[in-house]
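Asks: This is my_file_0.txt (compact mmCIF, C-alpha atoms).
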```txt
# COMPACT_ATOMS: atom_id res chain seq x y z
CA MET A 1 5.65 26.39 15.94
CA ALA A 2 6.22 29.55 13.98
CA ALA A 3 5.22 27.74 10.83
CA CYS A 4 1.97 26.65 12.47
CA VAL A 5 1.16 30.22 13.48
CA TRP A 6 2.01 31.51 10.04
CA SER A 7 -0.13 28.84 8.41
CA VAL A 8 -3.15 29.78 10.54
CA ARG A 9 -2.76 33.42 9.50
CA SER A 10 -2.42 32.57 5.83
CA VAL A 11 -5.40 30.24 6.06
CA ARG A 12 -7.45 33.16 7.39
CA VAL A 13 -6.41 35.22 4.37
CA LEU A 14 -7.40 32.37 2.09
CA SER A 15 -10.75 31.98 3.81
CA GLU A 16 -11.52 35.66 3.41
CA ILE A 17 -10.83 35.43 -0.28
CA ILE A 18 -12.91 32.31 -0.74
CA HIS A 19 -15.94 33.59 1.10
CA GLY A 20 -15.79 37.00 -0.48
CA HIS A 21 -15.40 38.97 2.68
CA VAL A 22 -13.34 42.07 2.55
CA LEU A 23 -12.03 42.97 5.92
CA PRO A 24 -12.44 46.45 7.30
CA ALA A 25 -9.22 48.40 7.52
CA ALA A 26 -8.71 47.98 11.26
CA ALA A 27 -9.06 44.24 11.22
CA ALA A 28 -7.10 43.82 8.00
CA VAL A 29 -3.94 45.31 9.45
CA ARG A 30 -3.70 42.43 11.88
CA HIS A 31 -3.68 39.83 9.11
CA GLN A 32 -0.32 39.69 7.50
CA ALA A 33 0.37 36.99 5.06
CA GLY A 34 3.96 35.84 4.95
CA THR A 35 5.41 34.78 1.67
CA SER A 36 2.24 34.59 -0.34
CA ARG A 37 1.48 31.34 -2.04
CA SER A 38 -0.08 31.43 -5.45
CA LEU A 39 -3.70 30.36 -5.66
CA HIS A 40 -3.87 29.03 -9.15
CA GLY A 41 -7.40 28.76 -10.35
CA ALA A 42 -8.94 30.02 -7.12
CA ARG A 43 -12.16 31.84 -7.82
CA ALA A 44 -12.31 35.11 -5.98
CA PRO A 45 -14.75 37.98 -6.29
CA ALA A 46 -13.51 41.30 -7.55
CA VAL A 47 -11.22 42.60 -4.85
CA SER A 48 -9.70 46.00 -5.22
CA ALA A 49 -6.00 46.70 -4.81
CA ARG A 50 -6.60 48.82 -1.71
CA HIS A 51 -8.34 45.95 0.02
CA LEU A 52 -5.58 43.60 -0.99
CA LYS A 53 -3.00 45.92 0.48
CA GLN A 54 -4.99 46.02 3.68
CA LEU A 55 -5.08 42.25 3.67
CA GLY A 56 -1.33 42.27 3.27
CA VAL A 57 -1.27 40.14 0.14
CA THR A 58 2.04 40.94 -1.43
CA SER A 59 1.75 39.30 -4.81
CA LEU A 60 -1.11 40.31 -7.02
CA ARG A 61 0.13 38.17 -9.84
CA SER A 62 -1.75 35.05 -8.78
CA LEU A 63 -5.02 36.84 -8.11
CA SER A 64 -4.91 38.70 -11.40
CA GLN A 65 -4.88 35.33 -13.16
CA VAL A 66 -8.28 34.50 -11.69
CA SER A 67 -11.06 34.66 -14.25
CA LEU A 68 -14.76 34.16 -13.74
CA SER A 69 -16.26 31.80 -16.25
CA GLU A 70 -19.86 31.18 -17.11
CA GLU A 71 -19.77 27.42 -16.67
CA PRO A 72 -20.94 26.24 -13.27
CA ASP A 73 -18.41 25.15 -10.71
CA ALA A 74 -17.98 21.44 -10.10
CA LEU A 75 -19.71 20.21 -6.97
CA TYR A 76 -18.34 17.47 -4.83
CA GLN A 77 -20.47 15.49 -2.48
CA LYS A 78 -17.46 14.15 -0.64
CA LEU A 79 -13.77 14.88 -0.69
CA SER A 80 -11.79 12.09 0.91
CA VAL A 81 -8.13 12.72 1.72
CA ARG A 82 -6.19 9.65 2.78
CA VAL A 83 -2.64 10.06 4.05
CA LYS A 84 -0.23 7.27 4.78
CA GLY A 85 3.14 7.26 6.47
CA HIS A 86 5.51 5.29 8.61
CA ASP A 87 5.28 7.51 11.69
CA ARG A 88 1.96 7.73 13.52
CA SER A 89 2.83 10.95 15.34
CA VAL A 90 3.55 12.71 12.04
CA LEU A 91 0.10 11.69 10.79
CA ASP A 92 -1.43 12.93 14.08
CA SER A 93 0.01 16.38 13.59
CA PHE A 94 -0.96 16.44 9.92
CA GLU A 95 -4.54 15.53 10.81
CA PHE A 96 -4.61 18.39 13.31
CA PHE A 97 -3.25 20.75 10.65
CA ALA A 98 -5.68 19.62 7.91
CA SER A 99 -8.75 19.73 10.15
CA LEU A 100 -7.74 23.16 11.44
CA ALA A 101 -7.33 24.38 7.87
CA ALA A 102 -10.73 22.97 6.89
CA ARG A 103 -12.39 24.58 9.91
CA GLU A 104 -10.78 27.95 9.24
CA LEU A 105 -11.76 27.82 5.56
CA GLY A 106 -15.35 27.04 6.54
CA LEU A 107 -15.44 23.60 4.95
CA SER A 108 -17.63 21.04 6.63
CA LEU A 109 -15.35 18.38 8.08
CA GLU A 110 -17.41 15.22 8.20
CA ARG A 111 -15.03 12.90 9.97
CA ALA A 112 -11.37 12.18 10.53
CA PHE A 113 -10.56 8.61 11.40
CA GLU A 114 -7.70 6.15 11.38
CA PRO A 115 -8.00 3.04 9.19
CA ARG A 116 -6.16 -0.06 10.26
CA LYS A 117 -2.38 -0.07 9.84
CA HIS A 118 -0.78 -2.41 7.34
CA THR A 119 2.32 -4.44 8.24
CA GLU A 120 4.48 -6.09 5.62
CA LYS A 121 6.79 -8.75 7.06
CA LEU A 122 9.85 -10.30 5.43
CA THR A 123 11.62 -13.40 6.72
CA LEU A 124 15.09 -13.79 5.22
CA LEU A 125 18.08 -16.03 5.81
CA LYS A 126 20.52 -14.52 8.26
CA SER A 127 23.62 -16.03 6.74
CA VAL A 128 25.03 -15.68 3.25
CA HIS A 129 25.74 -19.35 2.61
CA ILE A 130 24.01 -22.02 4.77
CA PHE A 131 22.31 -22.06 8.21
CA LYS A 132 18.72 -22.41 7.13
CA LYS A 133 17.50 -22.48 10.71
CA HIS A 134 18.72 -18.97 11.47
CA ARG A 135 16.58 -16.29 9.93
CA VAL A 136 16.03 -12.59 10.40
CA GLN A 137 12.67 -10.83 10.21
CA TYR A 138 11.94 -7.29 9.02
CA GLU A 139 8.65 -5.48 9.02
CA THR A 140 7.38 -2.29 7.39
CA ARG A 141 4.42 -0.57 9.00
CA THR A 142 2.17 1.80 7.05
CA HIS A 143 -0.22 3.91 9.12
CA HIS A 144 -3.22 5.60 7.49
CA ARG A 145 -5.42 8.56 8.28
CA THR A 146 -8.54 9.66 6.39
CA ILE A 147 -10.15 13.08 6.47
CA GLU A 148 -13.54 13.40 4.83
CA ILE A 149 -15.00 16.73 3.81
CA SER A 150 -18.53 16.88 2.54
CA ARG A 151 -20.33 19.21 0.13
CA VAL A 152 -17.52 21.28 -1.37
CA THR A 153 -17.31 23.28 -4.54
CA GLY A 154 -14.60 22.56 -7.06
CA SER A 155 -12.63 25.75 -6.50
CA SER A 156 -12.74 25.44 -2.71
CA ALA A 157 -11.59 21.86 -3.01
CA ARG A 158 -8.75 22.90 -5.31
CA VAL A 159 -7.57 25.63 -2.96
CA TYR A 160 -7.80 23.41 0.11
CA LEU A 161 -6.00 20.53 -1.59
CA GLU A 162 -3.24 22.77 -2.90
CA TYR A 163 -2.70 24.20 0.57
CA ILE A 164 -2.68 20.76 2.15
CA GLN A 165 -0.36 19.29 -0.47
CA ARG A 166 2.17 22.08 -0.26
CA ASN A 167 2.51 21.41 3.45
CA LEU A 168 2.73 17.63 3.25
CA PRO A 169 5.55 16.38 5.45
CA GLU A 170 8.32 14.28 3.93
CA GLY A 171 7.71 10.56 3.99
CA VAL A 172 3.94 11.00 3.82
CA ALA A 173 1.88 10.08 0.76
CA MET A 174 -1.61 11.32 0.01
CA GLU A 175 -4.51 9.93 -2.01
CA VAL A 176 -7.49 12.08 -2.84
CA THR A 177 -10.88 10.72 -3.84
CA LYS A 178 -13.50 13.14 -5.05
CA VAL A 179 -17.10 12.12 -5.36
CA THR A 180 -19.04 14.51 -7.57
CA ALA A 181 -22.63 15.54 -6.97
CA ALA A 182 -25.20 17.19 -9.17
CA ALA A 183 -26.79 20.49 -8.22
CA ALA A 184 -30.34 20.26 -6.95
CA GLY A 185 -32.97 21.39 -9.43
CA GLN A 186 -30.80 20.82 -12.47
CA THR A 187 -30.67 17.98 -14.88
CA GLN A 188 -27.13 16.86 -15.35
CA SER A 189 -25.60 13.84 -16.87
CA CYS A 190 -22.83 13.35 -14.36
CA PHE A 191 -23.49 12.68 -10.74
CA SER A 192 -22.26 10.42 -8.05
CA ILE A 193 -23.38 7.09 -6.83
CA THR A 194 -21.96 6.51 -3.44
CA HIS A 195 -24.10 3.99 -1.61
CA SER A 196 -27.70 3.14 -2.07
CA ALA A 197 -29.35 2.50 1.24
CA CYS A 198 -32.70 2.47 -0.48
CA LEU A 199 -33.37 -1.14 -1.42
CA LEU A 200 -36.10 -0.28 -3.88
CA CYS A 201 -33.88 2.03 -5.85
CA ARG A 202 -31.00 -0.37 -5.88
CA PRO A 203 -32.10 -2.69 -8.71
CA LEU A 204 -32.69 0.34 -10.90
CA LEU A 205 -29.17 1.57 -10.47
CA LYS A 206 -26.71 1.26 -13.23
CA ARG A 207 -23.21 1.88 -12.08
CA SER A 208 -20.67 2.78 -14.64
CA ARG A 209 -17.68 4.28 -12.95
CA ASN A 210 -15.31 6.19 -15.09
CA THR A 211 -12.07 6.76 -13.33
CA SER A 212 -9.87 9.39 -14.74
CA ARG A 213 -6.99 11.43 -13.49
CA ASN A 214 -7.18 15.11 -12.72
CA ARG A 215 -4.49 17.56 -13.62
CA CYS A 216 -2.81 17.17 -10.27
CA GLY A 217 -2.81 13.39 -10.57
CA THR A 218 -5.61 12.67 -8.12
CA ARG A 219 -8.19 10.11 -9.01
CA ALA A 220 -11.73 11.35 -9.42
CA ASN A 221 -14.59 8.89 -9.35
CA TRP A 222 -17.72 9.85 -11.13
CA SER A 223 -20.50 8.00 -12.79
CA ARG A 224 -22.85 8.75 -15.61
CA ALA A 225 -26.61 8.60 -15.56
CA VAL A 226 -28.47 6.78 -18.23
CA SER A 227 -31.21 9.26 -18.86
CA GLU A 228 -31.54 12.76 -17.66
CA GLN A 229 -35.15 13.58 -18.28
CA HIS A 230 -36.51 13.99 -14.81
CA THR A 231 -35.81 16.79 -12.47
CA VAL A 232 -35.42 16.56 -8.77
CA SER A 233 -38.67 16.03 -7.04
CA GLY A 234 -37.43 17.16 -3.70
CA ALA A 235 -39.67 15.07 -1.53
CA GLY A 236 -39.00 11.50 -0.60
CA LEU A 237 -40.52 10.21 -3.81
CA CYS A 238 -38.84 8.08 -6.36
CA PRO A 239 -39.59 9.70 -9.71
CA LEU A 240 -39.80 6.45 -11.59
CA THR A 241 -42.23 4.56 -9.49
CA ALA A 242 -43.64 7.51 -7.54
CA ASP A 243 -43.43 5.44 -4.40
CA SER A 244 -42.42 7.03 -1.19
CA HIS A 245 -39.29 5.67 0.29
CA PRO A 246 -39.15 6.86 3.86
CA ASN A 247 -35.78 5.24 4.48
CA CYS A 248 -34.20 6.82 1.52
CA ASP A 249 -32.37 9.97 2.34
CA ARG A 250 -32.60 11.62 -1.01
CA GLN A 251 -30.17 14.35 -0.26
CA SER A 252 -27.12 12.32 0.39
CA VAL A 253 -27.44 8.61 0.00
CA CYS A 254 -29.82 7.25 -2.57
CA VAL A 255 -29.25 8.21 -6.14
CA CYS A 256 -31.47 6.82 -8.85
CA VAL A 257 -30.55 6.46 -12.42
CA HIS A 258 -33.25 8.63 -13.85
CA GLY A 259 -33.15 11.59 -11.57
CA ASN A 260 -31.22 13.27 -8.87
CA CYS A 261 -31.99 12.40 -5.31
CA MET B 262 33.61 -22.36 28.54
CA ALA B 263 35.45 -19.88 26.39
CA THR B 264 38.85 -20.89 27.78
CA SER B 265 38.14 -24.56 27.22
CA LEU B 266 37.08 -23.78 23.68
CA VAL B 267 40.27 -21.77 23.14
CA ARG B 268 42.32 -24.72 24.45
CA GLN B 269 40.40 -27.07 22.18
CA THR B 270 41.01 -24.85 19.14
CA LYS B 271 44.73 -24.65 20.02
CA LEU B 272 44.96 -28.43 20.22
CA LEU B 273 43.04 -28.78 17.00
CA SER B 274 45.18 -26.20 15.24
CA ILE B 275 48.28 -28.18 16.26
CA VAL B 276 46.61 -31.35 14.99
CA THR B 277 45.53 -29.73 11.74
CA SER B 278 48.97 -28.24 11.14
CA GLN B 279 50.45 -31.71 11.58
CA LEU B 280 47.78 -33.09 9.32
CA SER B 281 48.33 -30.39 6.71
CA SER B 282 52.03 -31.07 6.78
CA ALA B 283 51.04 -34.62 5.88
CA ALA B 284 49.20 -33.15 2.81
CA CYS B 285 45.71 -33.43 4.37
CA PHE B 286 43.82 -30.11 4.08
CA ARG B 287 40.60 -30.66 6.07
CA ASN B 288 39.32 -27.93 8.37
CA ILE B 289 37.14 -28.75 11.35
CA HIS B 290 34.34 -26.53 12.69
CA CYS B 291 34.51 -26.77 16.44
CA THR B 292 32.26 -23.89 17.54
CA ALA B 293 28.47 -23.84 17.22
CA ALA B 294 26.95 -21.34 14.79
CA CYS B 295 26.25 -18.22 16.87
CA LEU B 296 24.92 -15.99 14.09
CA LYS B 297 24.43 -12.99 16.35
CA ASN B 298 22.97 -9.86 14.80
CA ARG B 299 25.77 -7.51 13.89
CA ALA B 300 23.96 -4.97 11.71
CA ALA B 301 24.56 -1.30 12.60
CA ARG B 302 25.82 -2.20 16.07
CA ILE B 303 28.95 -1.06 17.86
CA ARG B 304 30.09 -3.82 20.19
CA VAL B 305 30.63 -3.02 23.85
CA GLY B 306 34.35 -2.61 24.57
CA LYS B 307 36.64 -1.27 27.27
CA GLY B 308 34.89 2.09 27.69
CA ASP B 309 37.20 4.30 25.67
CA LYS B 310 35.17 4.39 22.43
CA SER B 311 32.89 7.44 22.19
CA VAL B 312 29.59 6.85 20.47
CA THR B 313 26.83 9.22 19.22
CA TYR B 314 23.09 8.77 19.92
CA GLU B 315 22.55 7.39 16.44
CA GLN B 316 25.29 4.77 16.84
CA ALA B 317 24.35 3.84 20.40
CA TYR B 318 20.87 2.52 19.61
CA HIS B 319 20.39 -0.61 17.55
CA PRO B 320 18.18 -0.92 14.43
CA HIS B 321 15.26 -2.45 16.32
CA HIS B 322 14.93 0.89 18.16
CA ILE B 323 14.03 2.70 14.91
CA GLY B 324 10.57 4.17 15.32
CA HIS B 325 10.80 3.97 19.12
CA ARG B 326 14.01 5.71 20.22
CA LYS B 327 15.51 6.59 16.86
CA GLY B 328 14.14 8.38 13.83
CA TRP B 329 14.55 7.63 10.17
CA LEU B 330 17.66 8.75 8.34
CA SER B 331 16.07 8.71 4.91
CA GLN B 332 12.48 9.90 4.53
CA HIS B 333 10.59 9.12 1.36
CA THR B 334 7.31 7.52 0.39
CA SER B 335 8.50 4.58 -1.69
CA ASN B 336 8.44 2.07 1.18
CA LEU B 337 4.77 2.72 1.96
CA GLN B 338 2.04 0.30 1.00
CA GLY B 339 1.10 0.72 -2.64
CA GLU B 340 4.07 2.92 -3.56
CA ASP B 341 7.00 2.01 -5.79
CA GLY B 342 10.49 3.24 -6.58
CA ALA B 343 12.19 2.00 -3.39
CA ALA B 344 15.25 0.56 -5.12
CA GLU B 345 16.01 3.78 -7.02
CA ARG B 346 15.71 5.83 -3.82
CA VAL B 347 18.09 3.49 -1.99
CA VAL B 348 20.72 3.77 -4.73
CA GLU B 349 20.38 7.56 -4.72
CA ASP B 350 20.71 7.65 -0.94
CA VAL B 351 23.84 5.51 -0.93
CA PHE B 352 25.45 7.73 -3.54
CA ILE B 353 24.50 10.92 -1.70
CA ARG B 354 25.90 9.63 1.59
CA ARG B 355 29.21 8.64 0.02
CA PHE B 356 29.38 11.93 -1.87
CA MET B 357 28.80 13.97 1.29
CA TYR B 358 31.26 11.88 3.27
CA GLY B 359 33.91 12.47 0.66
CA THR B 360 33.21 16.14 -0.02
CA PHE B 361 33.12 17.13 3.64
CA HIS B 362 35.84 14.75 4.70
CA GLY B 363 36.29 14.59 8.44
CA CYS B 364 33.68 17.29 9.03
CA LEU B 365 30.58 15.15 9.50
CA ALA B 366 29.52 14.90 13.12
CA ASP B 367 26.73 12.42 12.55
CA GLU B 368 24.82 10.58 9.84
CA ILE B 369 23.16 12.59 7.09
CA VAL B 370 19.35 12.83 7.00
CA ILE B 371 17.83 12.82 3.50
CA LYS B 372 14.29 14.15 3.06
CA ARG B 373 12.23 14.15 -0.11
CA ARG B 374 9.36 16.61 -0.41
CA GLY B 375 7.79 16.21 -3.83
CA ASN B 376 10.53 16.99 -6.30
CA LEU B 377 12.80 18.60 -3.75
CA LEU B 378 15.69 16.70 -2.18
CA VAL B 379 16.78 18.07 1.19
CA ILE B 380 20.04 16.93 2.77
CA CYS B 381 20.36 17.73 6.48
CA ALA B 382 23.83 17.50 7.96
CA VAL B 383 25.53 18.33 11.23
CA MET B 384 29.17 19.37 10.77
CA ILE B 385 32.13 19.92 13.01
CA GLN B 386 33.65 23.40 12.75
CA LYS B 387 36.77 22.15 11.08
CA LEU B 388 36.80 24.46 8.06
CA LEU B 389 36.26 28.19 7.65
CA PRO B 390 32.66 29.26 6.98
CA SER B 391 33.57 30.51 3.52
CA LYS B 392 34.88 27.08 2.61
CA PHE B 393 31.71 25.52 3.95
CA TYR B 394 29.60 27.83 1.80
CA PHE B 395 31.62 26.96 -1.27
CA LEU B 396 31.28 23.22 -0.62
CA ILE B 397 27.53 23.57 -0.01
CA GLY B 398 27.06 25.39 -3.31
CA TYR B 399 29.26 22.90 -5.16
CA THR B 400 27.34 19.92 -3.72
CA GLU B 401 23.92 21.43 -4.45
CA GLU B 402 24.87 22.28 -8.03
CA LEU B 403 26.43 18.90 -8.82
CA LEU B 404 23.72 16.79 -7.20
CA SER B 405 20.91 18.78 -8.84
CA HIS B 406 22.55 18.14 -12.19
CA PHE B 407 22.91 14.43 -11.43
CA TYR B 408 19.38 13.86 -10.22
CA LYS B 409 17.56 16.53 -12.26
CA CYS B 410 15.76 17.84 -9.21
CA PRO B 411 16.34 20.78 -6.85
CA VAL B 412 18.72 19.86 -4.06
CA LYS B 413 18.98 21.84 -0.83
CA ILE B 414 21.44 21.38 1.99
CA GLU B 415 20.47 22.35 5.51
CA MET B 416 23.56 22.44 7.61
CA GLN B 417 24.23 22.95 11.28
CA THR B 418 27.68 23.13 12.81
CA VAL B 419 28.83 22.07 16.26
CA GLU B 420 32.17 22.59 17.92
CA GLU B 421 32.89 18.92 18.38
CA LYS B 422 31.17 15.60 17.95
CA VAL B 423 28.29 15.18 20.39
CA VAL B 424 29.06 12.13 22.49
CA TYR B 425 26.13 10.15 23.91
CA LYS B 426 28.05 7.49 25.81
CA TYR B 427 31.30 5.54 25.89
CA LEU B 428 31.36 1.85 24.98
```
Show me, as structure tokens, the structure contained in the file I just sent.
Replies:
Amino acid sequence: MAACVWSVRSVRVLSEIIHGHVLPAAAAVRHQAGTSRSLHGARAPAVSARHLKQLGVTSLRSLSQVSLSEEPDALYQKLSVRVKGHDRSVLDSFEFFASLAARELGLSLERAFEPRKHTEKLTLLKSVHIFKKHRVQYETRTHHRTIEISRVTGSSARVYLEYIQRNLPEGVAMEVTKVTAAAAGQTQSCFSITHSACLLCRPLLKRSRNTSRNRCGTRANWSRAVSEQHTVSGAGLCPLTADSHPNCDRQSVCVCVHGNC
Amino acid sequence: MATSLVRQTKLLSIVTSQLSSAACFRNIHCTAACLKNRAARIRVGKGDKSVTYEQAYHPHHIGHRKGWLSQHTSNLQGEDGAAERVVEDVFIRRFMYGTFHGCLADEIVIKRRGNLLVICAVMIQKLLPSKFYFLIGYTEELLSHFYKCPVKIEMQTVEEKVVYKYL
């Protein structure tokens, strides 16, 4: 219980750093981070030492490693965290923890659901030598839980994932799938193809999925566009054929090869 | 039925001894194959045997009334390395049983969090605390050198073994 309370407080500190708020002195005294965890690679605005002391952050070492670079931050359309374990109640509590952390950090939690459990059964002979009719059965159950977070920046995703992964319970494994998205109004060569609900756009799609591993070992799916000449039109128009596709939700679902929906 | 079977076996043993004296060495199976499950079960006896909670419940109660003694991810769907973890666990349990001989109140719980190996043990207050501290440090140092990973021991002591029931 104490760990849960501490984690909520530290999550508030993290959220303040991510969103660039600097607490006034009176409010900052209430927030006391425990043993501070390093936020490697977390992008934070320039925060002065006085503010940090008010926030109660004890170690400045991690924040001083933060550097602002000119290249734009990666954008993820969807961040899917799938945890699996043998004990359903452990996954229940982890889902509560992860969704609370996402809510406190201001990330938009799309949905948290439970995929079907998987049972592996073994039927073995009971006796060492003979007695074929007498067998013994074992089964191994794997329960799953998926938490989907939509429209995150790369640094927010990194911070959130690091926090989640440091607090993974024992006996629980996690798989992370990141689906990248291109920024609106920019021509980029990498963007995501998730599903195409738009039937007219579908034959024009060319899916080439390059799967590669991130530094932390998670798998990131992204796909490359063939040509990047057209900019985002914004309305519900397909740039290639200039037809209007009323069923095509350009913002999230339909992605055409030649432009960004 | 049991007494009749016992009488039958006695008769047969007399017969077989006579037969074996006549240089005939055949053995006869006279009971049906019972093949009862005997794994991790303490059989019910006269009522003088004390038994802990872990020993009292049978393996089919794992997940319902019992927890897991060894917690790692290699038995999950799509994960590997189960055999190596089992061998490590067996070694760790024997090592702890031998190092803290007579002090263990119950089975050891082994947890793996990333690289970290956590051994949780409940001990009887048989030794002085300073001796316990020395043994904890010795175990942590040796096991971390064996397995090339940080090893932590979380220990709790009780005055005597916690009895759940008598069988």
Asks: Report the distance between atom CA of B:Lys327 and atom CA of B:Lys297 in Å, rounded to one decimal place.
Replies: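 If I compute the distance from atom CA of B:Lys327 to atom CA of B:Lys297, I get 21.5 Å.
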Asks: For chain B, report every residue with an atom at most 7 Å from chain A (counting all atoms listed in the file), formatted as a list of chain:residue names.
Replies: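 Per the criterion, chain B yields B:Gln332, B:His333, B:Thr334, B:Leu337, B:Gln338, B:Lys372, B:Arg373, B:Arg374.
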Asks: Enter the distance from atom CA of A:Thr177 to atom CA of B:Val379, in Å, rounded to one decimal.
Replies: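 Spanning atom CA of A:Thr177 to atom CA of B:Val379 is a straight-line distance of 29.1 Å.
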Asks: Could you jot down the atom CA of B:Cys381 to atom CA of A:Glu95 separation for me, Å, one decimal place?
Replies: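 Atom-to-atom, atom CA of B:Cys381 and atom CA of A:Glu95 are spaced 25.4 Å apart.
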Asks: Adding 5 Å on each side of the box along x, y and z that holds all listed atoms of stretch 292-311 of chain B, could you give its centre and edge lengths in Å to one decimal, as JSON?
Replies:
```
{"center_x": 30.1, "center_y": -8.2, "center_z": 19.7, "size_x": 24.2, "size_y": 41.3, "size_z": 26.0}
```
Asks: Name all residues at most 9 Å from stretch 344-348 of chain B (count only C-alpha atoms; drop same-chain ones fewer than 3 positions away) and give them as a list in words.
Replies: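 Close residues of stretch 344-348 of chain B: Ser331, His333, Ser335, Asp341, Val351, Phe352 and Ile353 of chain B.
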Asks: For each of B:Ile371, B:Val424, B:Ala300, B:Ile414, take the minimum atom-to-atom distance to B:Tyr394, counting all atoms listed in the file, then give the residue where this is smallest.
Replies: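 Using all atoms listed in the file, B:Tyr394 sits closest to B:Ile414.
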Asks: For B:Leu428, list every protein, DNA or RNA residue within 8 Å, evaluated using all atoms listed in the file, and leave out those in the same chain fewer than 2 positions away; present the list as a list of chain:residue names.
Replies: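 My reading of the contact set: B:Arg304, B:Val305, B:Gly306, B:Lys307, B:Gly308, B:Asp309, B:Lys310, B:Ser311, B:Val312, B:Lys426.
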Asks: Extract, using only C-alpha atoms, all DNA, RNA and protein residues at most 12 Å from B:Gly363, discarding same-chain residues fewer than 2 positions from it, and format them as a ChimeraX atom specification.
Replies: /B:357-361,365-367,383-388,421-422
Asks: All heavy atoms are needed for stretch 360-365 of chain B; please write them out as a compact mmCIF listing (two decimals), in the frame of the given file.
Replies:
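Output (part21.txt):
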```txt
# COMPACT_ATOMS: atom_id res chain seq x y z
N THR B 360 33.07 14.70 0.20
CA THR B 360 33.21 16.14 -0.02
C THR B 360 33.56 16.86 1.28
O THR B 360 34.42 17.72 1.32
CB THR B 360 31.91 16.72 -0.58
OG1 THR B 360 31.45 15.90 -1.63
CG2 THR B 360 32.10 18.12 -1.09
N PHE B 361 32.86 16.49 2.35
CA PHE B 361 33.12 17.13 3.64
C PHE B 361 33.91 16.16 4.50
O PHE B 361 33.43 15.70 5.54
CB PHE B 361 31.79 17.47 4.34
CG PHE B 361 30.93 18.43 3.58
CD1 PHE B 361 30.00 17.98 2.66
CD2 PHE B 361 31.06 19.80 3.79
CE1 PHE B 361 29.21 18.88 1.97
CE2 PHE B 361 30.27 20.69 3.10
CZ PHE B 361 29.35 20.23 2.19
N HIS B 362 35.10 15.83 4.05
CA HIS B 362 35.84 14.75 4.70
C HIS B 362 36.27 15.14 6.10
O HIS B 362 36.92 16.16 6.30
CB HIS B 362 37.06 14.36 3.86
CG HIS B 362 37.64 13.07 4.30
ND1 HIS B 362 37.13 11.86 3.91
CD2 HIS B 362 38.66 12.80 5.15
CE1 HIS B 362 37.83 10.90 4.47
NE2 HIS B 362 38.76 11.44 5.23
N GLY B 363 35.90 14.33 7.07
CA GLY B 363 36.29 14.59 8.44
C GLY B 363 35.44 15.62 9.15
O GLY B 363 35.65 15.90 10.33
N CYS B 364 34.48 16.22 8.42
CA CYS B 364 33.68 17.29 9.03
C CYS B 364 32.34 16.81 9.55
O CYS B 364 31.69 17.51 10.30
CB CYS B 364 33.41 18.40 8.01
SG CYS B 364 34.89 19.16 7.40
N LEU B 365 31.93 15.60 9.14
CA LEU B 365 30.58 15.15 9.50
C LEU B 365 30.55 14.71 10.96
O LEU B 365 31.33 13.85 11.37
CB LEU B 365 30.15 13.98 8.61
CG LEU B 365 29.75 14.31 7.19
CD1 LEU B 365 29.44 13.03 6.44
CD2 LEU B 365 28.52 15.18 7.19
```
